[in-house]
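File shown: coords07.txt (compact mmCIF, C-alpha atoms and all ligand atoms).
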# COMPACT_ATOMS: atom_id res chain seq x y z
CA MET A 1 0.00 0.00 0.00
CA THR A 2 1.40 3.40 -0.92
CA GLU A 3 0.89 6.40 1.33
CA ARG A 4 -2.80 7.20 1.69
CA ARG A 5 -3.91 10.49 0.17
CA SER A 6 -6.52 12.69 1.81
CA PRO A 7 -10.14 12.17 0.75
CA GLN A 8 -10.33 15.76 -0.50
CA ALA A 9 -7.17 15.43 -2.64
CA VAL A 10 -8.48 12.21 -4.19
CA TRP A 11 -11.91 13.75 -4.82
CA ASN A 12 -10.30 16.83 -6.40
CA ASN A 13 -8.40 14.54 -8.74
CA LEU A 14 -11.63 12.78 -9.74
CA VAL A 15 -13.37 16.12 -10.31
CA ALA A 16 -10.50 17.30 -12.51
CA GLY A 17 -10.65 14.12 -14.57
CA ASN A 18 -14.42 14.41 -14.96
CA GLU A 19 -14.00 18.04 -16.02
CA ARG A 20 -11.58 16.98 -18.78
CA PHE A 21 -14.11 14.36 -19.91
CA VAL A 22 -16.98 16.88 -19.89
CA GLU A 23 -14.93 19.35 -21.94
CA GLY A 24 -13.98 16.67 -24.44
CA LYS A 25 -10.30 17.01 -23.55
CA PRO A 26 -9.39 13.70 -21.91
CA GLU A 27 -5.70 12.95 -21.34
CA HIS A 28 -6.19 9.17 -21.05
CA PRO A 29 -3.64 8.87 -18.24
CA ASN A 30 -2.14 5.56 -17.16
CA GLN A 31 -3.26 3.67 -20.23
CA ASP A 32 0.08 3.25 -22.04
CA VAL A 33 2.08 0.05 -22.46
CA ALA A 34 4.76 1.05 -19.95
CA HIS A 35 2.18 1.80 -17.26
CA ARG A 36 0.37 -1.44 -17.95
CA ALA A 37 3.57 -3.39 -17.48
CA ALA A 38 4.63 -1.45 -14.38
CA SER A 39 1.22 -1.85 -12.74
CA SER A 40 1.30 -5.64 -13.07
CA ALA A 41 3.44 -5.78 -9.92
CA GLY A 42 0.55 -4.57 -7.73
CA GLN A 43 -2.37 -2.19 -7.49
CA ALA A 44 -2.65 1.00 -5.45
CA PRO A 45 -5.91 2.69 -6.47
CA THR A 46 -6.81 5.88 -4.64
CA ALA A 47 -10.59 5.61 -5.02
CA ALA A 48 -13.27 2.96 -5.20
CA LEU A 49 -16.40 3.42 -7.25
CA PHE A 50 -19.67 1.65 -6.55
CA GLY A 51 -22.06 2.48 -9.31
CA CYS A 52 -24.93 1.38 -11.46
CA ALA A 53 -23.95 -1.18 -14.10
CA ASP A 54 -25.53 0.95 -16.85
CA SER A 55 -23.28 0.71 -19.91
CA ARG A 56 -23.05 4.50 -20.09
CA LEU A 57 -21.40 4.84 -16.66
CA ALA A 58 -17.98 3.71 -17.87
CA ALA A 59 -16.07 4.50 -14.70
CA GLU A 60 -12.51 5.10 -15.90
CA ILE A 61 -13.71 6.97 -18.99
CA ILE A 62 -15.97 9.48 -17.21
CA PHE A 63 -13.25 10.30 -14.65
CA ASP A 64 -10.48 10.24 -17.29
CA ASN A 65 -8.55 7.71 -15.22
CA GLY A 66 -6.58 4.67 -16.30
CA ILE A 67 -5.35 1.23 -15.31
CA GLY A 68 -4.89 0.81 -11.58
CA ASP A 69 -6.59 4.11 -10.66
CA LEU A 70 -10.10 3.02 -9.66
CA PHE A 71 -11.37 -0.03 -7.81
CA VAL A 72 -14.78 -0.54 -9.43
CA VAL A 73 -17.84 -2.41 -8.16
CA ARG A 74 -21.05 -2.10 -10.15
CA ASN A 75 -24.46 -3.70 -10.40
CA ALA A 76 -27.89 -2.69 -11.71
CA GLY A 77 -29.22 0.12 -9.50
CA HIS A 78 -26.16 0.11 -7.17
CA ILE A 79 -27.79 -2.35 -4.79
CA VAL A 80 -25.85 -3.02 -1.58
CA SER A 81 -25.12 -6.70 -0.90
CA ASP A 82 -22.61 -8.70 1.13
CA SER A 83 -20.34 -9.06 -1.87
CA VAL A 84 -20.48 -5.32 -2.58
CA ILE A 85 -19.65 -4.50 1.04
CA ALA A 86 -16.82 -7.04 1.12
CA SER A 87 -15.33 -5.64 -2.09
CA LEU A 88 -15.47 -2.07 -0.77
CA GLU A 89 -14.02 -3.15 2.59
CA TYR A 90 -11.15 -4.77 0.69
CA ALA A 91 -10.59 -1.54 -1.23
CA VAL A 92 -10.50 0.50 1.99
CA ALA A 93 -8.81 -1.86 4.46
CA VAL A 94 -6.32 -3.62 2.18
CA LEU A 95 -5.77 -1.33 -0.79
CA GLY A 96 -6.09 1.87 1.21
CA VAL A 97 -8.44 3.90 -0.97
CA SER A 98 -9.49 7.19 0.64
CA VAL A 99 -12.69 7.80 -1.30
CA VAL A 100 -15.69 5.66 -2.19
CA VAL A 101 -17.87 7.21 -4.89
CA VAL A 102 -21.42 5.87 -5.06
CA LEU A 103 -22.62 6.71 -8.56
CA ALA A 104 -26.23 7.01 -9.64
CA HIS A 105 -27.43 8.48 -12.92
CA ASP A 106 -30.45 9.90 -14.67
CA SER A 107 -32.79 7.64 -16.66
CA CYS A 108 -31.78 4.66 -14.51
CA GLY A 109 -33.55 1.52 -15.73
CA ALA A 110 -33.39 -0.12 -12.30
CA VAL A 111 -35.07 2.88 -10.64
CA GLN A 112 -37.72 2.97 -13.37
CA ALA A 113 -38.35 -0.77 -12.98
CA ALA A 114 -38.79 -0.28 -9.21
CA ILE A 115 -41.29 2.53 -9.89
CA ASP A 116 -43.17 0.44 -12.45
CA SER A 117 -43.32 -2.51 -10.06
CA ARG A 118 -45.43 -0.45 -7.63
CA GLN A 119 -48.30 0.11 -10.07
CA GLN A 120 -51.62 -1.50 -9.29
CA HIS A 121 -51.17 -4.06 -12.07
CA PRO A 122 -47.43 -4.27 -12.77
CA GLU A 123 -45.88 -6.34 -15.52
CA PRO A 124 -44.40 -9.42 -13.88
CA LEU A 125 -40.60 -9.50 -13.77
CA PRO A 126 -38.26 -12.47 -13.38
CA PRO A 127 -38.10 -13.31 -9.63
CA ARG A 128 -34.43 -12.43 -9.16
CA ILE A 129 -34.95 -9.00 -10.68
CA THR A 130 -37.94 -8.39 -8.38
CA THR A 131 -35.79 -9.31 -5.37
CA MET A 132 -32.93 -7.14 -6.60
CA LEU A 133 -35.22 -4.10 -6.89
CA GLU A 134 -36.50 -4.36 -3.29
CA PRO A 135 -33.94 -1.94 -1.79
CA ILE A 136 -35.20 0.78 -4.19
CA ILE A 137 -38.84 0.40 -3.09
CA PRO A 138 -38.57 2.52 0.10
CA ALA A 139 -37.38 5.45 -2.03
CA VAL A 140 -40.28 4.93 -4.47
CA GLN A 141 -42.84 4.80 -1.66
CA SER A 142 -41.41 7.77 0.18
CA VAL A 143 -41.47 10.01 -2.90
CA TRP A 144 -44.90 8.78 -4.01
CA LEU A 145 -46.65 9.02 -0.63
CA ALA A 146 -45.25 12.50 0.02
CA GLU A 147 -47.47 13.81 -2.78
CA HIS A 148 -50.12 11.13 -3.26
CA SER A 149 -51.08 9.85 0.15
CA GLY A 150 -54.52 8.73 -1.12
CA THR A 151 -53.31 5.59 -2.87
CA PRO A 152 -50.41 3.19 -2.35
CA TYR A 153 -50.32 2.36 -6.07
CA VAL A 154 -47.82 4.37 -8.04
CA ASP A 155 -48.70 6.06 -11.31
CA PRO A 156 -45.35 6.11 -13.15
CA THR A 157 -46.45 9.17 -15.16
CA LYS A 158 -46.98 11.18 -11.96
CA ILE A 159 -43.85 10.42 -9.94
CA ALA A 160 -40.55 12.28 -10.23
CA ALA A 161 -38.07 9.52 -11.09
CA GLU A 162 -35.18 11.89 -10.39
CA LYS A 163 -36.38 12.37 -6.80
CA VAL A 164 -36.61 8.60 -6.35
CA ASN A 165 -33.13 8.33 -7.79
CA ARG A 166 -31.66 10.77 -5.30
CA HIS A 167 -33.53 9.22 -2.41
CA HIS A 168 -32.18 5.80 -3.35
CA LEU A 169 -28.66 7.21 -3.70
CA ARG A 170 -28.82 8.59 -0.15
CA ASP A 171 -30.26 5.28 1.06
CA THR A 172 -27.36 3.45 -0.58
CA VAL A 173 -24.73 5.62 1.14
CA SER A 174 -26.51 5.21 4.51
CA GLN A 175 -26.75 1.47 4.06
CA LEU A 176 -23.03 1.15 3.32
CA LEU A 177 -22.19 3.04 6.51
CA TYR A 178 -24.78 1.18 8.56
CA SER A 179 -23.78 -2.25 7.28
CA SER A 180 -20.01 -1.97 7.45
CA GLU A 181 -17.93 -1.20 10.51
CA VAL A 182 -14.82 -1.14 8.33
CA LEU A 183 -16.27 1.70 6.26
CA SER A 184 -17.90 3.62 9.11
CA GLU A 185 -14.76 3.45 11.27
CA ALA A 186 -12.58 4.61 8.39
CA VAL A 187 -14.93 7.58 7.91
CA ALA A 188 -14.95 8.35 11.65
CA GLU A 189 -11.13 8.27 11.72
CA GLY A 190 -10.88 10.63 8.74
CA ARG A 191 -9.22 8.04 6.47
CA LEU A 192 -12.20 7.68 4.17
CA GLY A 193 -14.76 9.93 2.55
CA ILE A 194 -17.88 8.73 0.78
CA VAL A 195 -19.43 10.81 -2.00
CA GLY A 196 -22.85 9.92 -3.36
CA ALA A 197 -22.96 11.47 -6.81
CA HIS A 198 -25.32 11.75 -9.73
CA TYR A 199 -24.07 11.31 -13.29
CA ARG A 200 -25.70 13.32 -16.07
CA LEU A 201 -25.74 11.11 -19.14
CA ALA A 202 -25.91 13.85 -21.75
CA LYS A 203 -23.48 16.32 -20.21
CA GLY A 204 -21.13 13.72 -18.74
CA ARG A 205 -20.94 15.61 -15.48
CA VAL A 206 -20.66 13.96 -12.07
CA GLU A 207 -22.57 16.03 -9.49
CA PRO A 208 -22.06 15.42 -5.76
CA VAL A 209 -25.34 14.86 -3.91
CA ILE A 210 -24.08 13.78 -0.51
CA ALA A 211 -20.58 13.85 0.98
CA ILE A 212 -19.67 12.20 4.25
CA GLY A 213 -16.27 12.27 5.90
CA ASN A 214 -13.12 14.32 5.89
CA PHE A 215 -13.88 16.74 3.06
CA ASP A 216 -13.72 20.51 2.75
CA GLU A 217 -16.77 22.20 4.19
CA ASP A 218 -18.07 23.50 0.89
CA LEU A 219 -18.39 20.02 -0.60
CA VAL A 220 -20.30 18.79 2.43
CA GLU A 221 -22.48 21.90 2.52
CA LYS A 222 -23.18 21.82 -1.21
CA SER A 223 -24.23 18.20 -0.85
CA GLU A 224 -26.72 19.02 1.87
CA GLN A 225 -28.86 21.26 -0.27
ZN ZN A 301 -28.88 2.63 -13.65
Translate the structure described by the file into structure tokens.
Ligand SMILES: [Zn+2]
Amino acid sequence: MTERRSPQAVWNNLVAGNERFVEGKPEHPNQDVAHRAASSAGQAPTAALFGCADSRLAAEIIFDNGIGDLFVVRNAGHIVSDSVIASLEYAVAVLGVSVVVVLAHDSCGAVQAAIDSRQQHPEPLPPRITTMLEPIIPAVQSVWLAEHSGTPYVDPTKIAAEKVNRHHLRDTVSQLLYSSEVLSEAVAEGRLGIVGAHYRLAKGRVEPVIAIGNFDEDLVEKSEQ
């Protein structure tokens, strides 16, 4: 493990890479033959990313990073599971990453499927997909009932999917902290910061929604709005 960098320094580096990607001026760092060969001796990523598996959230591309830079865990709808937690704990405890980015995005198919599943007469889904969507349901119900307390059945044309998305993103960050002592202790000791962020498909921009841990005040404050 190389020396651990501060969460803010690692986040700044990710923001800079995303900015290059947004501007269409990527540098494609750490992707050359020499780096590939050198990195075969061991990995020392500075950040882990836990994001939706959507094909448009190509982690290294949107942060203009390269081989060995990001430890990436993804599944449909960024659903927390034992294997996800174990992978992130490995990234923090063994590899020494100082930031975990939880990445959601607009037009998320998993969020939409969770919304659709709460209609009065939903289309049946394969059982494993129904089970996988369960952690998104509290966000769907919370957003729906806040404005439509008269009926438990969701009308997908009348619910703000983006609100559900953000709610689920916050739930995901909370669940990681709640479920993992390794992660919550690292945050409490200032070694780790967790940023829940929202990726804009069209613009390519990664927007922080919630930041927890040893970050500059303005990032934490901005994320609380
Ligand atoms: Zn998605």
Distance filter 8 Å around ligand ZN 301 (chain A), atoms: all atoms listed in the file, out as a list of chain:residue names: A:Cys52, A:Ala53, A:Asp54, A:Ala76, A:Gly77, A:His78, A:Ala104, A:His105, A:Asp106, A:Ser107, A:Cys108, A:Gly109, A:Ala110, A:Val111
Close residues, Phe63 (chain A) itself excluded, 9 Å, only C-alpha atoms, min 3 positions apart in chain, as a list in words: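 Non-adjacent residues within range: Asn13, Leu14, Val15, Ala16, Gly17, Asn18, Glu19, Arg20, Phe21, Pro26, Ala58, Ala59, Glu60, Gly66 and Val206 of chain A.
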With a cut-off of 9 Å, could you pull out the residues of region 9-111 of chain A touching region 186-202 of chain A and give me the nearest pair of atoms for each, distance in Å to one decimal, using all atoms listed in the file, ordered by chain and ascending number, as a tab-separated table?
residue	atom	partner	partner_atom	distance
A:Trp11	CA	A:Val195	CA	8.6
A:Arg56	CA	A:Leu201	CA	7.2
A:Leu57	CA	A:Tyr199	CA	7.8
A:Val92	CA	A:Leu192	CA	7.7
A:Ala93	CA	A:Ala186	CA	8.5
A:Gly96	CA	A:Arg191	CA	8.7
A:Val97	CA	A:Leu192	CA	7.4
A:Ser98	CA	A:Leu192	CA	4.5
A:Val99	CA	A:Gly193	CA	4.9
A:Val100	CA	A:Ile194	CA	4.8
A:Val101	CA	A:Val195	CA	4.9
A:Val102	CA	A:Gly196	CA	4.6
A:Leu103	CA	A:Ala197	CA	5.1
A:Ala104	CA	A:His198	CA	4.8
A:His105	CA	A:Tyr199	CA	4.4
A:Asp106	CA	A:Arg200	CA	6.0
A:Ser107	CA	A:Leu201	CA	8.2
Given all atoms listed in the file as the counted atoms, nearest of A:Ser117, A:Arg170, A:Leu176, A:Ile210 to Glu89 (chain A):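 Of A:Ser117, A:Arg170, A:Leu176, A:Ile210, the one nearest Glu89 (chain A) is A:Leu176, counting all atoms listed in the file.
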Residue contacts of Val72 (chain A) (8 Å, all atoms listed in the file) excluding same-chain residues fewer than 4 positions away, as a PyMOL selection string: chain A and resi 48-51+59
Report, as JSON, the axis-aligned box around all atoms of region 194-210 of chain A present in the file, extended by 4 Å on each side; give centre and edge lengths in Å to one decimal place.
{"center_x": -21.9, "center_y": 12.5, "center_z": -10.5, "size_x": 16.0, "size_y": 15.6, "size_z": 30.5}
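Minimum atom-to-atom distances from A:Ile115, A:Ile85, A:Val22, A:Ala38 to Asp64 (chain A) were compared using all atoms listed in the file, and the lowest value belongs to A:Val22.
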Selected residue, from A:Arg128, A:Arg74, A:His167, A:His121, that lies nearest to Val143 (chain A) when counting only C-alpha atoms: A:His167
CA of Ala146 (chain A) to CA of Val173 (chain A), distance in Å rounded to a single decimal: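 Between these atoms lies a distance of 21.7 Å.
One distance worth recording is that between CA of Ala44 (chain A) and CA of Val73 (chain A), which is 15.8 Å.
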Pairwise distance for CA of Asp69 (chain A) and CA of Gly213 (chain A), rounded to one decimal in Å: 20.8 Å
Long-range neighbours of Leu95 (chain A) as a ChimeraX atom specification, 10 Å cut-off, all atoms listed in the file, 3 positions minimum in chain: /A:1-2,4,42-48,71,88-92,98
Counting only C-alpha atoms, the option among A:Pro156, A:Gly24, A:Pro7, A:Gly150 closest to Gln112 (chain A): A:Pro156
Neighbour list for Arg118 (chain A) as a count of residues only, cut-off 9 Å, all atoms listed in the file, skip fewer than 5 positions in-chain: 9
Nearest candidate to Ile62 (chain A) (options A:Arg5, A:Ser40, A:His28, A:Asn165; using all atoms listed in the file):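 Closest to Ile62 (chain A) of all the choices is A:His28.
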